[in-house]
$ cat work36.tsv   # TSV, C-alpha atoms
chain	number	residue	atom	x	y	z
A	2	GLN	CA	174.72	54.09	85.82
A	3	VAL	CA	171.95	56.12	84.21
A	4	GLN	CA	168.72	54.27	83.53
A	5	LEU	CA	165.26	55.44	82.47
A	6	VAL	CA	162.39	52.95	82.52
A	7	GLU	CA	158.91	53.89	81.25
A	8	SER	CA	155.66	52.26	82.29
A	9	GLY	CA	151.95	52.92	82.07
A	10	GLY	CA	151.27	52.59	78.37
A	11	GLY	CA	148.34	50.64	77.02
A	12	SER	CA	145.23	50.71	74.88
A	13	VAL	CA	142.32	53.07	75.50
A	14	GLN	CA	139.36	54.42	73.59
A	15	THR	CA	139.05	57.98	72.35
A	16	GLY	CA	138.48	60.34	75.25
A	17	GLY	CA	140.20	58.06	77.74
A	18	SER	CA	143.17	58.74	79.98
A	19	LEU	CA	146.53	57.18	80.69
A	20	ARG	CA	149.35	58.09	83.03
A	21	LEU	CA	152.90	57.33	81.98
A	22	SER	CA	155.73	57.08	84.47
A	23	CYS	CA	159.49	57.07	83.99
A	24	ALA	CA	161.62	55.70	86.80
A	25	VAL	CA	165.06	57.30	86.80
A	26	SER	CA	168.31	56.13	88.35
A	27	GLY	CA	171.80	57.60	88.13
A	28	PHE	CA	170.85	61.26	88.56
A	29	SER	CA	168.22	63.40	90.24
A	30	VAL	CA	165.24	64.41	88.08
A	31	SER	CA	165.18	67.75	89.89
A	32	THR	CA	168.54	68.76	88.42
A	33	TYR	CA	168.10	67.69	84.80
A	34	TYR	CA	165.88	68.82	81.97
A	35	MET	CA	163.31	66.10	81.35
A	36	ALA	CA	160.98	65.49	78.44
A	37	TRP	CA	158.50	63.11	76.88
A	38	PHE	CA	158.81	62.34	73.19
A	39	ARG	CA	156.65	60.21	70.94
A	40	GLN	CA	157.03	58.57	67.57
A	41	ALA	CA	154.32	57.04	65.44
A	42	PRO	CA	155.05	54.67	62.54
A	43	GLY	CA	156.16	56.65	59.49
A	44	LYS	CA	156.34	59.92	61.41
A	45	GLU	CA	159.18	61.93	62.89
A	46	ARG	CA	159.85	61.89	66.60
A	47	GLU	CA	158.02	64.71	68.36
A	48	ARG	CA	158.68	66.29	71.74
A	49	VAL	CA	155.29	66.50	73.44
A	50	ALA	CA	156.24	67.88	76.86
A	51	PHE	CA	159.24	69.36	78.64
A	52	ILE	CA	160.00	70.29	82.22
A	53	GLY	CA	163.04	72.28	83.23
A	54	SER	CA	164.99	72.01	86.44
A	55	ALA	CA	163.19	75.11	87.78
A	56	GLY	CA	159.79	73.62	86.92
A	57	MET	CA	159.03	75.47	83.70
A	58	THR	CA	156.89	73.37	81.35
A	59	ILE	CA	156.46	73.47	77.58
A	60	TYR	CA	153.94	71.49	75.54
A	61	ALA	CA	153.50	70.76	71.88
A	62	ASP	CA	150.44	72.50	70.46
A	63	SER	CA	148.94	69.11	69.64
A	64	VAL	CA	148.70	68.13	73.33
A	65	LYS	CA	148.35	71.49	75.08
A	66	GLY	CA	145.47	71.43	77.55
A	67	ARG	CA	145.25	67.63	77.50
A	68	PHE	CA	148.65	66.42	78.73
A	69	THR	CA	150.42	67.37	81.96
A	70	ILE	CA	154.08	66.71	82.68
A	71	SER	CA	155.31	66.53	86.25
A	72	ARG	CA	158.07	65.03	88.31
A	73	ASP	CA	158.20	63.45	91.73
A	74	ASN	CA	161.52	64.41	93.25
A	75	ALA	CA	161.10	62.07	96.21
A	76	GLN	CA	160.43	59.05	94.00
A	77	ASN	CA	162.82	60.32	91.28
A	78	THR	CA	160.24	59.80	88.56
A	79	LEU	CA	158.88	61.71	85.60
A	80	GLU	CA	155.14	61.53	84.88
A	81	LEU	CA	152.88	62.30	81.95
A	82	GLN	CA	149.14	62.53	82.58
A	83	MET	CA	147.30	62.17	79.28
A	84	ASP	CA	143.61	63.05	79.15
A	85	SER	CA	141.08	63.33	76.32
A	86	LEU	CA	143.18	60.98	74.24
A	87	LYS	CA	142.70	60.88	70.48
A	88	PRO	CA	143.68	58.29	67.84
A	89	ASP	CA	146.41	60.72	66.68
A	90	ASP	CA	148.07	60.25	70.08
A	91	THR	CA	148.85	56.64	69.19
A	92	ALA	CA	152.63	56.26	69.30
A	93	MET	CA	155.58	54.90	71.20
A	94	TYR	CA	156.30	57.28	74.06
A	95	TYR	CA	159.81	57.83	75.40
A	96	CYS	CA	161.15	59.75	78.37
A	97	ALA	CA	164.44	61.54	77.89
A	98	ALA	CA	166.83	63.56	80.00
A	99	LYS	CA	169.71	65.95	79.55
A	100	PRO	CA	171.93	68.01	81.81
A	101	PRO	CA	171.09	71.74	81.50
A	102	TRP	CA	174.40	72.44	79.74
A	103	LYS	CA	173.76	70.00	76.86
A	104	ASN	CA	171.80	70.64	73.69
A	105	GLU	CA	171.02	67.00	72.95
A	106	TYR	CA	169.27	64.38	75.07
A	107	PRO	CA	171.87	61.69	75.85
A	108	TYR	CA	169.60	59.58	78.05
A	109	TRP	CA	166.52	57.73	76.81
A	110	GLY	CA	164.15	55.09	78.03
A	111	GLN	CA	163.12	52.04	76.02
A	112	GLY	CA	159.63	53.40	75.30
A	113	THR	CA	156.08	52.44	76.15
A	114	GLN	CA	153.30	51.98	73.58
A	115	VAL	CA	150.12	54.04	73.70
A	116	THR	CA	147.26	53.03	71.41
A	117	VAL	CA	144.04	55.03	71.18
A	118	SER	CA	141.14	53.50	69.28
A	119	SER	CA	138.16	55.35	67.85
$ encode --input "work36.tsv" --output "structure tokens"
Amino acid sequence: QVQLVESGGGSVQTGGSLRLSCAVSGFSVSTYYMAWFRQAPGKERERVAFIGSAGMTIYADSVKGRFTISRDNAQNTLELQMDSLKPDDTAMYYCAAKPPWKNEYPYWGQGTQVTVSS
């Protein structure tokens, strides 16, 4: 059974850091495409970071240089290191996964809230 469980969200002040983690069961993170998405109230869901099975990473322009996506194959987790946080980063953050042959992400976590105050 596939399960993705996020943790690590919280409240920080502008300029602070948080590290999100997504514990995965049911498949190996090294073989799937993994991503972090976020959605703020009244806004569309946005993909903020992606990591392919070969390790290629892609970031949204809004987080480039501040966020780092990585995976721990031994622990079977996906991570998102978020530095220099801004109030605009406030959102619910979700990890998602898809097999390389699929266009859509069929697997999602329940989300973890990140709140950045000024």
$ atom_distance --input "work36.tsv" --atom1 "CA of Trp102 (chain A)" --atom2 "CA of Lys44 (chain A)"
28.6 Å
$ residues_around --input "work36.tsv" --residues "region 80-87 of chain A" --least-positions-apart "3" --cutoff "6 Å" --atoms "only C-alpha atoms" --output "ChimeraX atom specification"
/A:15-22,67-72,90
$ closest_residue --input "work36.tsv" --among "A:Val30, A:Ala41, A:Met93, A:Val117" --to "Gly53 (chain A)" --atoms "all atoms listed in the file"
A:Val30
$ closest_residue --input "work36.tsv" --among "A:Tyr94, A:Phe28, A:Phe51, A:Phe38" --to "Ser8 (chain A)" --atoms "all atoms listed in the file"
A:Tyr94
$ atom_distance --input "work36.tsv" --atom1 "CA of Val6 (chain A)" --atom2 "CA of Glu47 (chain A)"
18.9 Å
$ residues_near_point --input "work36.tsv" --point "(167.8, 74.3, 86.9)" --cutoff "9 Å" --atoms "only C-alpha atoms" --output "compact mmCIF listing (two decimals) with C-alpha atoms, in the frame of the given file"
# COMPACT_ATOMS: atom_id res chain seq x y z
CA SER A 31 165.18 67.75 89.89
CA THR A 32 168.54 68.76 88.42
CA TYR A 33 168.10 67.69 84.80
CA TYR A 34 165.88 68.82 81.97
CA GLY A 53 163.04 72.28 83.23
CA SER A 54 164.99 72.01 86.44
CA ALA A 55 163.19 75.11 87.78
CA GLY A 56 159.79 73.62 86.92
CA PRO A 101 171.09 71.74 81.50
$ atom_distance --input "work36.tsv" --atom1 "CA of Gln14 (chain A)" --atom2 "CA of Tyr95 (chain A)"
20.8 Å
$ closest_residue --input "work36.tsv" --among "A:Ser29, A:Asp62, A:Met35, A:Gly11" --to "Trp109 (chain A)" --atoms "only C-alpha atoms"
A:Met35
$ closest_residue --input "work36.tsv" --among "A:Val115, A:Met57, A:Val49, A:Ala98" --to "Cys23 (chain A)" --atoms "all atoms listed in the file"
A:Ala98
$ closest_residue --input "work36.tsv" --among "A:Ser26, A:Thr91, A:Thr113, A:Asn104" --to "Glu7 (chain A)" --atoms "all atoms listed in the file"
A:Thr113
$ axis_aligned_box --input "work36.tsv" --around "region 15-32 of chain A" --padding-each-side "8 Å" --output "JSON"
{"center_x": 155.1, "center_y": 62.2, "center_z": 81.3, "size_x": 49.3, "size_y": 29.1, "size_z": 33.9}
$ closest_residue --input "work36.tsv" --among "A:Gln2, A:Gln114, A:Asn74, A:Thr58" --to "Gly27 (chain A)" --atoms "only C-alpha atoms"
A:Gln2
$ residues_around --input "work36.tsv" --residues "Cys96 (chain A)" --least-positions-apart "3" --cutoff "6 Å" --atoms "all atoms listed in the file" --output "tab-separated table (two decimals) with C-alpha atoms, in the coordinates of the input"
chain	number	residue	atom	x	y	z
A	36	ALA	CA	160.98	65.49	78.44
A	37	TRP	CA	158.50	63.11	76.88
A	109	TRP	CA	166.52	57.73	76.81
A	110	GLY	CA	164.15	55.09	78.03
$ decode --input "work36.tsv" --residues "region 88-116 of chain A" --atoms "N, CA and C atoms" --output "CSV table (one decimal), in the first residue's frame"
chain,number,residue,atom,x,y,z
A,88,PRO,N,7.1,35.6,3.9
A,88,PRO,CA,5.7,35.4,4.1
A,88,PRO,C,4.9,34.8,2.9
A,89,ASP,N,5.4,35.1,1.7
A,89,ASP,CA,4.8,34.5,0.5
A,89,ASP,C,4.9,33.0,0.5
A,90,ASP,N,5.8,32.4,1.3
A,90,ASP,CA,6.0,31.0,1.3
A,90,ASP,C,4.9,30.3,2.2
A,91,THR,N,4.1,31.1,2.9
A,91,THR,CA,3.1,30.5,3.7
A,91,THR,C,2.1,29.7,2.9
A,92,ALA,N,1.9,28.4,3.2
A,92,ALA,CA,1.0,27.5,2.4
A,92,ALA,C,1.0,26.2,3.1
A,93,MET,N,0.1,25.3,2.6
A,93,MET,CA,0.1,23.9,2.9
A,93,MET,C,1.1,23.3,1.9
A,94,TYR,N,2.0,22.5,2.4
A,94,TYR,CA,3.0,21.8,1.5
A,94,TYR,C,2.7,20.3,1.4
A,95,TYR,N,2.7,19.8,0.2
A,95,TYR,CA,2.4,18.4,0.0
A,95,TYR,C,3.6,17.7,-0.8
A,96,CYS,N,3.9,16.5,-0.4
A,96,CYS,CA,4.8,15.7,-1.3
A,96,CYS,C,3.9,14.9,-2.2
A,97,ALA,N,4.5,14.6,-3.3
A,97,ALA,CA,3.7,13.8,-4.4
A,97,ALA,C,4.7,13.0,-5.1
A,98,ALA,N,4.2,11.9,-5.7
A,98,ALA,CA,5.0,10.9,-6.4
A,98,ALA,C,4.3,10.4,-7.6
A,99,LYS,N,5.1,10.1,-8.6
A,99,LYS,CA,4.5,9.4,-9.8
A,99,LYS,C,5.6,8.5,-10.4
A,100,PRO,N,5.1,7.4,-11.0
A,100,PRO,CA,6.1,6.5,-11.8
A,100,PRO,C,6.5,7.3,-13.0
A,101,PRO,N,7.7,7.1,-13.5
A,101,PRO,CA,8.2,7.9,-14.6
A,101,PRO,C,7.4,7.8,-15.9
A,102,TRP,N,6.5,6.8,-16.0
A,102,TRP,CA,5.7,6.6,-17.2
A,102,TRP,C,4.4,7.3,-17.1
A,103,LYS,N,4.1,8.0,-16.0
A,103,LYS,CA,2.8,8.7,-15.8
A,103,LYS,C,3.0,10.2,-16.0
A,104,ASN,N,2.0,10.8,-16.5
A,104,ASN,CA,2.0,12.3,-16.6
A,104,ASN,C,1.5,12.9,-15.3
A,105,GLU,N,0.5,12.3,-14.6
A,105,GLU,CA,-0.1,12.9,-13.4
A,105,GLU,C,0.6,12.2,-12.2
A,106,TYR,N,0.4,13.0,-11.1
A,106,TYR,CA,0.9,12.4,-9.8
A,106,TYR,C,-0.3,11.7,-9.1
A,107,PRO,N,-0.2,10.4,-9.0
A,107,PRO,CA,-1.3,9.7,-8.4
A,107,PRO,C,-1.2,9.6,-6.9
A,108,TYR,N,0.0,9.8,-6.3
A,108,TYR,CA,0.2,9.6,-4.9
A,108,TYR,C,0.5,10.9,-4.2
A,109,TRP,N,-0.2,11.2,-3.1
A,109,TRP,CA,-0.1,12.5,-2.4
A,109,TRP,C,-0.1,12.2,-0.9
A,110,GLY,N,0.6,13.1,-0.2
A,110,GLY,CA,0.6,13.1,1.2
A,110,GLY,C,-0.6,14.0,1.7
A,111,GLN,N,-0.8,14.0,3.0
A,111,GLN,CA,-1.9,14.8,3.6
A,111,GLN,C,-1.6,16.3,3.7
A,112,GLY,N,-0.3,16.6,3.6
A,112,GLY,CA,0.1,18.0,3.7
A,112,GLY,C,0.6,18.4,5.1
A,113,THR,N,1.5,19.4,5.1
A,113,THR,CA,2.0,20.0,6.3
A,113,THR,C,2.0,21.5,6.2
A,114,GLN,N,1.5,22.2,7.2
A,114,GLN,CA,1.4,23.7,7.1
A,114,GLN,C,2.7,24.4,7.4
A,115,VAL,N,3.0,25.4,6.6
A,115,VAL,CA,4.1,26.2,6.8
A,115,VAL,C,3.6,27.7,6.9
A,116,THR,N,3.9,28.4,8.0
A,116,THR,CA,3.5,29.7,8.1
A,116,THR,C,4.7,30.6,8.4
